[in-house]
Amino acid sequence: MDIHDFVTFLEVSRTRHFGQAAKNLHLTQSAVSARIHQLEQQLGTALFIRERNNIQLTPAGEKMLRYAEVITTAWNRARQEVGLSQSGQLPFGIGGIVSLWDILLQEWIQQLHREHGELALHGETHGNDVLIRRILNNTLDIAFVFDAPQNDNLAIRAVATINLIMVASEAGDAARALARDYILVDWGTSFLMRHAQQFPEQPTPTLHIGQGRIALAFILNCGGSAYLAEPMVQPYLDDGRLQRIEDAPAIERTAYAVYNSQNEKAELIEQLLDEIRIV
């Protein structure tokens, strides 16, 4: 099998469009089709349901998706590690959900770079499920998430508490903020449950989004309100561009570092977490 077939499969599954996948991969559409056909022949099954303007994964394609991710990630990591073996650097893969990169991880990885030049750092942003899969198959060394699953092979360590507060472009109470251009930010399952309990009769949000920074930019430019991380909004509270909604309770979220307890770098990971604190 050709690694490029798996890369092509992943791009088609992501875009759900052969033409767009070809454009993104700098290939002709016929080349993309040929790669997918070759992969399907080798597997002996169809991976996509091809309908006009509607490309969907078959059940076999859904199963193949996970394996293709592992194969391509492992190949890329192998190429990196083989190349770095000449320089004496140690590859170190760091993953995180988008929101934690915005709030915590940028400073952590910068300090890691300054203090550990022997590490060749590689950063990735994914959803919770993909990060955990990559930790379990050792294609990432450490991941930072809000919702850490219980698994005998995972070592889980709380690293920070994030204070989420409701802010708005205009002063007022929570009822007014929820009723006018409210943005519901997905800070994880636990947050959404707490939010629903706190505001059981909340009107339909103007926008539901998974990234705090996008909600912040929207509010600053268009007005509105949302629950955002206190460190993210503090400068705007200080200069008066945002107002805290005082009668809306703060909601705390714990950020966790997760790594594979069988990873050969487990001792190093513990050392780095002790040495470079995430605050």
# chains A, B, ... in the order shown; residues from 1 in each chain; ligands from 1
$ residues_around --residues "range 220-232 of chain A" --least-positions-apart "6" --cutoff "8 Å" --atoms "only C-alpha atoms" --output "mmCIF file with N, CA and C atoms, in the first residue's frame"
data_model
loop_
_atom_site.group_PDB
_atom_site.id
_atom_site.type_symbol
_atom_site.label_atom_id
_atom_site.label_comp_id
_atom_site.auth_asym_id
_atom_site.auth_seq_id
_atom_site.Cartn_x
_atom_site.Cartn_y
_atom_site.Cartn_z
ATOM 1 N N ILE A 103 -5.692 29.529 25.776
ATOM 2 C CA ILE A 103 -5.624 30.020 27.158
ATOM 3 C C ILE A 103 -4.292 29.700 27.828
ATOM 4 N N ILE A 162 -9.669 26.541 35.144
ATOM 5 C CA ILE A 162 -10.051 27.667 34.298
ATOM 6 C C ILE A 162 -11.355 28.256 34.823
ATOM 7 N N ASN A 163 -11.348 29.542 35.097
ATOM 8 C CA ASN A 163 -12.541 30.226 35.569
ATOM 9 C C ASN A 163 -13.266 30.833 34.373
ATOM 10 N N LEU A 164 -14.454 30.324 34.088
ATOM 11 C CA LEU A 164 -15.264 30.836 32.984
ATOM 12 C C LEU A 164 -16.296 31.813 33.526
ATOM 13 N N ILE A 165 -16.338 33.010 32.960
ATOM 14 C CA ILE A 165 -17.265 34.029 33.428
ATOM 15 C C ILE A 165 -18.084 34.564 32.262
ATOM 16 N N MET A 166 -19.299 35.029 32.559
ATOM 17 C CA MET A 166 -20.121 35.606 31.510
ATOM 18 C C MET A 166 -19.759 37.069 31.339
ATOM 19 N N VAL A 167 -19.455 37.442 30.106
ATOM 20 C CA VAL A 167 -19.133 38.833 29.781
ATOM 21 C C VAL A 167 -20.015 39.280 28.625
ATOM 22 N N ALA A 168 -20.166 40.599 28.499
ATOM 23 C CA ALA A 168 -21.016 41.145 27.440
ATOM 24 C C ALA A 168 -20.447 42.470 26.968
ATOM 25 N N SER A 169 -20.871 42.863 25.787
ATOM 26 C CA SER A 169 -20.437 44.157 25.246
ATOM 27 C C SER A 169 -21.145 45.321 25.921
ATOM 28 N N GLU A 170 -22.273 45.038 26.586
ATOM 29 C CA GLU A 170 -23.024 46.065 27.298
ATOM 30 C C GLU A 170 -23.346 45.582 28.700
ATOM 31 N N ALA A 177 -28.482 39.481 29.019
ATOM 32 C CA ALA A 177 -27.367 38.986 28.210
ATOM 33 C C ALA A 177 -27.767 37.750 27.415
ATOM 34 N N LEU A 178 -28.527 36.857 28.043
ATOM 35 C CA LEU A 178 -28.947 35.627 27.365
ATOM 36 C C LEU A 178 -29.949 35.899 26.250
ATOM 37 N N ARG A 180 -30.041 38.636 24.278
ATOM 38 C CA ARG A 180 -29.565 39.495 23.192
ATOM 39 C C ARG A 180 -28.204 39.025 22.688
ATOM 40 N N ASP A 181 -28.201 38.378 21.517
ATOM 41 C CA ASP A 181 -26.950 37.960 20.859
ATOM 42 C C ASP A 181 -26.037 37.157 21.777
ATOM 43 N N TYR A 182 -26.631 36.166 22.446
ATOM 44 C CA TYR A 182 -25.825 35.312 23.315
ATOM 45 C C TYR A 182 -25.138 34.231 22.489
ATOM 46 N N ILE A 183 -23.855 34.000 22.780
ATOM 47 C CA ILE A 183 -23.060 32.982 22.092
ATOM 48 C C ILE A 183 -22.773 31.857 23.090
ATOM 49 N N LEU A 184 -23.206 30.671 22.762
ATOM 50 C CA LEU A 184 -22.935 29.515 23.621
ATOM 51 C C LEU A 184 -21.644 28.857 23.155
ATOM 52 N N VAL A 185 -20.612 28.981 23.967
ATOM 53 C CA VAL A 185 -19.307 28.392 23.658
ATOM 54 C C VAL A 185 -19.251 26.996 24.273
ATOM 55 N N GLY A 212 -13.447 29.645 21.977
ATOM 56 C CA GLY A 212 -13.644 30.875 22.720
ATOM 57 C C GLY A 212 -13.129 32.106 22.002
ATOM 58 N N ARG A 241 -14.029 47.571 27.347
ATOM 59 C CA ARG A 241 -14.663 47.099 26.113
ATOM 60 C C ARG A 241 -15.643 45.962 26.386
ATOM 61 N N LEU A 242 -15.438 45.246 27.491
ATOM 62 C CA LEU A 242 -16.371 44.211 27.914
ATOM 63 C C LEU A 242 -16.811 44.470 29.344
#
$ residues_around --residues "range 7-19 of chain A" --least-positions-apart "5" --cutoff "9 Å" --atoms "only C-alpha atoms" --output "PDB file with C-alpha atoms, in the first residue's frame"
ATOM      1  CA  ASN A  24      -5.882  20.801  -1.526  1.00  0.00           C
ATOM      2  CA  LEU A  25      -3.424  18.027  -2.415  1.00  0.00           C
ATOM      3  CA  THR A  28      -5.734  16.254 -10.613  1.00  0.00           C
ATOM      4  CA  GLN A  29      -9.168  14.945  -9.774  1.00  0.00           C
ATOM      5  CA  SER A  30      -8.481  11.815 -11.816  1.00  0.00           C
ATOM      6  CA  VAL A  32      -7.430  11.416  -6.514  1.00  0.00           C
ATOM      7  CA  SER A  33     -10.045   9.053  -7.923  1.00  0.00           C
ATOM      8  CA  ARG A  35      -5.797   6.569  -5.482  1.00  0.00           C
ATOM      9  CA  ILE A  36      -9.153   5.953  -3.827  1.00  0.00           C
ATOM     10  CA  LEU A  39      -7.193   1.614  -1.933  1.00  0.00           C
ATOM     11  CA  LEU A  47     -15.030   3.349   1.098  1.00  0.00           C
ATOM     12  CA  PHE A  48     -17.336   6.074  -0.231  1.00  0.00           C
ATOM     13  CA  ASN A  53     -22.870  16.552  -4.609  1.00  0.00           C
ATOM     14  CA  ASN A  54     -23.083  14.058  -1.751  1.00  0.00           C
ATOM     15  CA  ILE A  55     -19.961  12.023  -0.924  1.00  0.00           C
ATOM     16  CA  GLN A  56     -20.418   9.928   2.208  1.00  0.00           C
ATOM     17  CA  LEU A  57     -18.300   7.300   3.944  1.00  0.00           C
ATOM     18  CA  GLY A  61     -14.978   3.806   5.248  1.00  0.00           C
ATOM     19  CA  LEU A  65     -10.881   6.404   8.952  1.00  0.00           C
ATOM     20  CA  ALA A  68      -5.804   5.778   8.138  1.00  0.00           C
ATOM     21  CA  GLU A  69      -5.255   8.441  10.811  1.00  0.00           C
ATOM     22  CA  THR A  72      -0.381   8.501   8.333  1.00  0.00           C
TER      23      THR A  72
END
$ residues_around --residues "range 107-120 of chain A" --least-positions-apart "5" --cutoff "9 Å" --atoms "only C-alpha atoms" --output "VMD selection string"
chain A and resid 84 88 to 94 101 272 276 to 278
$ write_last_selection --atoms "N, CA, C and O atoms" --output "PDB file, in the first residue's frame"
ATOM      1  N   LEU A  84      15.568  13.216  12.901  1.00  0.00           N
ATOM      2  CA  LEU A  84      16.112  13.880  14.084  1.00  0.00           C
ATOM      3  C   LEU A  84      17.193  13.057  14.770  1.00  0.00           C
ATOM      4  O   LEU A  84      17.961  13.592  15.566  1.00  0.00           O
ATOM      5  N   GLY A  88      20.408  14.453  17.179  1.00  0.00           N
ATOM      6  CA  GLY A  88      20.435  14.200  18.613  1.00  0.00           C
ATOM      7  C   GLY A  88      19.239  14.756  19.353  1.00  0.00           C
ATOM      8  O   GLY A  88      19.157  14.636  20.576  1.00  0.00           O
ATOM      9  N   GLN A  89      18.290  15.367  18.643  1.00  0.00           N
ATOM     10  CA  GLN A  89      17.089  15.889  19.297  1.00  0.00           C
ATOM     11  C   GLN A  89      16.074  14.781  19.519  1.00  0.00           C
ATOM     12  O   GLN A  89      16.013  13.811  18.778  1.00  0.00           O
ATOM     13  N   LEU A  90      15.254  14.957  20.548  1.00  0.00           N
ATOM     14  CA  LEU A  90      14.227  13.983  20.894  1.00  0.00           C
ATOM     15  C   LEU A  90      12.861  14.530  20.484  1.00  0.00           C
ATOM     16  O   LEU A  90      12.438  15.581  20.979  1.00  0.00           O
ATOM     17  N   PRO A  91      12.145  13.842  19.590  1.00  0.00           N
ATOM     18  CA  PRO A  91      10.817  14.314  19.195  1.00  0.00           C
ATOM     19  C   PRO A  91       9.863  14.292  20.384  1.00  0.00           C
ATOM     20  O   PRO A  91       9.889  13.357  21.199  1.00  0.00           O
ATOM     21  N   PHE A  92       9.015  15.316  20.461  1.00  0.00           N
ATOM     22  CA  PHE A  92       8.059  15.391  21.573  1.00  0.00           C
ATOM     23  C   PHE A  92       6.767  15.997  21.047  1.00  0.00           C
ATOM     24  O   PHE A  92       6.720  17.175  20.691  1.00  0.00           O
ATOM     25  N   GLY A  93       5.717  15.159  20.961  1.00  0.00           N
ATOM     26  CA  GLY A  93       4.450  15.593  20.387  1.00  0.00           C
ATOM     27  C   GLY A  93       3.477  16.067  21.449  1.00  0.00           C
ATOM     28  O   GLY A  93       3.198  15.352  22.417  1.00  0.00           O
ATOM     29  N   ILE A  94       2.947  17.266  21.249  1.00  0.00           N
ATOM     30  CA  ILE A  94       2.022  17.891  22.198  1.00  0.00           C
ATOM     31  C   ILE A  94       0.704  18.165  21.478  1.00  0.00           C
ATOM     32  O   ILE A  94       0.689  18.774  20.413  1.00  0.00           O
ATOM     33  N   TRP A 101      -5.183  25.686  23.848  1.00  0.00           N
ATOM     34  CA  TRP A 101      -4.069  26.364  23.187  1.00  0.00           C
ATOM     35  C   TRP A 101      -4.213  27.874  23.371  1.00  0.00           C
ATOM     36  O   TRP A 101      -3.239  28.579  23.651  1.00  0.00           O
ATOM     37  N   LEU A 272       8.660  17.127  33.101  1.00  0.00           N
ATOM     38  CA  LEU A 272       8.320  18.396  32.457  1.00  0.00           C
ATOM     39  C   LEU A 272       7.107  19.045  33.100  1.00  0.00           C
ATOM     40  O   LEU A 272       7.066  20.265  33.267  1.00  0.00           O
ATOM     41  N   ILE A 276       7.803  22.672  34.616  1.00  0.00           N
ATOM     42  CA  ILE A 276       7.189  23.824  33.950  1.00  0.00           C
ATOM     43  C   ILE A 276       5.699  23.801  34.229  1.00  0.00           C
ATOM     44  O   ILE A 276       4.934  23.096  33.578  1.00  0.00           O
ATOM     45  N   ARG A 277       5.311  24.530  35.247  1.00  0.00           N
ATOM     46  CA  ARG A 277       3.912  24.508  35.679  1.00  0.00           C
ATOM     47  C   ARG A 277       3.023  25.278  34.730  1.00  0.00           C
ATOM     48  O   ARG A 277       3.403  26.321  34.173  1.00  0.00           O
ATOM     49  N   ILE A 278       1.824  24.750  34.557  1.00  0.00           N
ATOM     50  CA  ILE A 278       0.797  25.464  33.789  1.00  0.00           C
ATOM     51  C   ILE A 278      -0.092  26.180  34.795  1.00  0.00           C
ATOM     52  O   ILE A 278      -0.694  25.547  35.672  1.00  0.00           O
TER      53      ILE A 278
END
$ residues_around --residues "Val98 in chain A" --least-positions-apart "3" --cutoff "10 Å" --atoms "only C-alpha atoms" --output "short mmCIF file (atom, residue, chain, number, x, y, z; two decimals) with C-alpha atoms, in the first residue's frame"
data_model
loop_
_atom_site.label_atom_id
_atom_site.label_comp_id
_atom_site.auth_asym_id
_atom_site.auth_seq_id
_atom_site.Cartn_x
_atom_site.Cartn_y
_atom_site.Cartn_z
CA GLY A 95 -1.71 17.99 21.48
CA TRP A 101 -4.07 26.36 23.19
CA ASP A 102 -5.66 29.82 23.36
CA ILE A 103 -5.62 30.02 27.16
CA LEU A 105 -0.60 25.98 26.03
CA GLU A 124 -1.33 19.56 17.13
CA THR A 125 -4.89 20.75 17.65
CA HIS A 126 -7.72 18.21 17.60
CA GLY A 127 -10.97 17.31 19.26
CA ASN A 128 -11.00 15.30 22.47
CA PHE A 144 -4.34 18.61 27.21
CA VAL A 145 -8.11 18.28 27.47
CA GLY A 210 -16.52 25.48 19.96
CA GLN A 211 -13.79 28.14 20.12
CA GLY A 212 -13.64 30.88 22.72
CA ARG A 213 -11.43 33.15 20.64
#
$ residues_around --residues "Asn153 in chain A" --least-positions-apart "2" --cutoff "7 Å" --atoms "only C-alpha atoms" --output "PyMOL selection string"
chain A and resi 151+155+260-262
$ select_by_dssp --residues "range 54-140 of chain A" --states "helix (DSSP H, G or I)" --output "number ranges by chain"
A: 59-84, 98-115, 128-136
$ select_by_dssp --residues "range 41-279 of chain A" --states "strand (DSSP E or B)" --output "ChimeraX atom specification"
/A:48-51,54-57,90-96,119-125,142-145,154-168,182-185,207-209,225-229,243-244,251-260
$ closest_residue --among "A:Ile251, A:Ile214, A:Ile219, A:Tyr236" --to "His195 in chain A" --atoms "only C-alpha atoms"
A:Ile251
$ atom_distance --atom1 "CA of Leu43 in chain A" --atom2 "CA of Ile3 in chain A"
14.2 Å
$ closest_residue --among "A:Val258, A:Ile269, A:Ala34, A:Ala174" --to "Ile132 in chain A" --atoms "only C-alpha atoms"
A:Val258
$ atom_distance --atom1 "CA of Tyr259 in chain A" --atom2 "CA of Ile135 in chain A"
5.9 Å
$ closest_residue --among "A:Leu140, A:Glu62, A:Ala158, A:Leu237" --to "Ile49 in chain A" --atoms "only C-alpha atoms"
A:Glu62
$ closest_residue --among "A:His4, A:Arg253, A:Lys265, A:Arg77" --to "Val159 in chain A" --atoms "only C-alpha atoms"
A:Arg253
$ atom_distance --atom1 "CA of Val70 in chain A" --atom2 "CA of Gln42 in chain A"
18.1 Å
$ closest_residue --among "A:Gln234, A:Ala179, A:Gly96, A:Pro59" --to "Asp147 in chain A" --atoms "only C-alpha atoms"
A:Gly96
$ decode --residues "range 37-48 of chain A" --atoms "all heavy atoms" --output "CSV table (one decimal), in the first residue's frame"
chain,number,residue,atom,x,y,z
A,37,HIS,N,-9.6,4.5,-5.7
A,37,HIS,CA,-10.0,3.2,-6.4
A,37,HIS,C,-8.9,2.1,-6.0
A,37,HIS,O,-9.3,1.0,-5.7
A,37,HIS,CB,-10.1,3.4,-7.9
A,37,HIS,CG,-10.4,2.2,-8.6
A,37,HIS,ND1,-11.6,1.6,-8.5
A,37,HIS,CD2,-9.7,1.4,-9.5
A,37,HIS,CE1,-11.7,0.5,-9.3
A,37,HIS,NE2,-10.5,0.4,-9.9
A,38,GLN,N,-7.7,2.5,-6.0
A,38,GLN,CA,-6.6,1.6,-5.7
A,38,GLN,C,-6.8,1.1,-4.3
A,38,GLN,O,-6.6,-0.1,-4.0
A,38,GLN,CB,-5.3,2.2,-5.9
A,38,GLN,CG,-4.1,1.3,-5.5
A,38,GLN,CD,-2.7,2.0,-5.9
A,38,GLN,OE1,-2.4,2.0,-7.1
A,38,GLN,NE2,-2.0,2.5,-4.9
A,39,LEU,N,-7.0,2.0,-3.3
A,39,LEU,CA,-7.2,1.6,-1.9
A,39,LEU,C,-8.4,0.7,-1.8
A,39,LEU,O,-8.3,-0.3,-1.0
A,39,LEU,CB,-7.3,2.9,-1.1
A,39,LEU,CG,-7.2,2.7,0.4
A,39,LEU,CD1,-5.9,2.1,0.8
A,39,LEU,CD2,-7.4,4.1,1.1
A,40,GLU,N,-9.5,1.0,-2.5
A,40,GLU,CA,-10.7,0.2,-2.4
A,40,GLU,C,-10.5,-1.2,-2.9
A,40,GLU,O,-10.9,-2.2,-2.4
A,40,GLU,CB,-11.9,0.9,-3.1
A,40,GLU,CG,-12.4,2.1,-2.4
A,40,GLU,CD,-13.5,2.9,-3.1
A,40,GLU,OE1,-13.4,2.9,-4.4
A,40,GLU,OE2,-14.4,3.4,-2.5
A,41,GLN,N,-9.7,-1.3,-4.0
A,41,GLN,CA,-9.4,-2.6,-4.6
A,41,GLN,C,-8.6,-3.4,-3.7
A,41,GLN,O,-8.8,-4.6,-3.5
A,41,GLN,CB,-8.6,-2.4,-5.9
A,41,GLN,CG,-9.5,-2.1,-7.1
A,41,GLN,CD,-8.8,-2.3,-8.4
A,41,GLN,OE1,-7.6,-1.9,-8.6
A,41,GLN,NE2,-9.4,-2.9,-9.4
A,42,GLN,N,-7.6,-2.8,-3.0
A,42,GLN,CA,-6.7,-3.5,-2.1
A,42,GLN,C,-7.5,-4.0,-0.8
A,42,GLN,O,-7.2,-5.1,-0.3
A,42,GLN,CB,-5.5,-2.7,-1.7
A,42,GLN,CG,-4.5,-2.4,-2.8
A,42,GLN,CD,-3.5,-1.4,-2.4
A,42,GLN,OE1,-3.7,-0.5,-1.7
A,42,GLN,NE2,-2.3,-1.6,-3.0
A,43,LEU,N,-8.5,-3.2,-0.4
A,43,LEU,CA,-9.3,-3.6,0.7
A,43,LEU,C,-10.5,-4.5,0.4
A,43,LEU,O,-11.0,-5.1,1.2
A,43,LEU,CB,-9.8,-2.3,1.4
A,43,LEU,CG,-8.7,-1.5,2.1
A,43,LEU,CD1,-9.4,-0.1,2.5
A,43,LEU,CD2,-8.1,-2.2,3.3
A,44,GLY,N,-10.8,-4.5,-0.9
A,44,GLY,CA,-11.9,-5.3,-1.3
A,44,GLY,C,-13.3,-4.8,-1.0
A,44,GLY,O,-14.2,-5.6,-0.9
A,45,THR,N,-13.4,-3.5,-0.8
A,45,THR,CA,-14.7,-2.9,-0.4
A,45,THR,C,-14.7,-1.4,-0.8
A,45,THR,O,-13.7,-0.8,-0.9
A,45,THR,CB,-15.0,-3.1,1.1
A,45,THR,OG1,-16.3,-2.6,1.4
A,45,THR,CG2,-13.9,-2.3,1.9
A,46,ALA,N,-15.9,-0.9,-0.9
A,46,ALA,CA,-16.1,0.5,-1.2
A,46,ALA,C,-15.9,1.3,0.1
A,46,ALA,O,-16.4,0.9,1.1
A,46,ALA,CB,-17.4,0.8,-1.9
A,47,LEU,N,-15.2,2.5,-0.1
A,47,LEU,CA,-15.0,3.3,1.1
A,47,LEU,C,-16.0,4.6,1.1
A,47,LEU,O,-16.2,5.2,2.1
A,47,LEU,CB,-13.6,3.8,1.1
A,47,LEU,CG,-12.5,2.7,1.3
A,47,LEU,CD1,-11.1,3.3,1.2
A,47,LEU,CD2,-12.7,2.0,2.7
A,48,PHE,N,-16.5,4.9,-0.1
A,48,PHE,CA,-17.3,6.1,-0.2
A,48,PHE,C,-18.6,5.7,-1.0
A,48,PHE,O,-18.6,4.9,-1.9
A,48,PHE,CB,-16.6,7.2,-1.0
A,48,PHE,CG,-15.5,7.8,-0.2
A,48,PHE,CD1,-14.2,7.5,-0.5
A,48,PHE,CD2,-15.7,8.7,0.8
A,48,PHE,CE1,-13.1,8.0,0.2
A,48,PHE,CE2,-14.6,9.3,1.5
A,48,PHE,CZ,-13.3,8.9,1.2
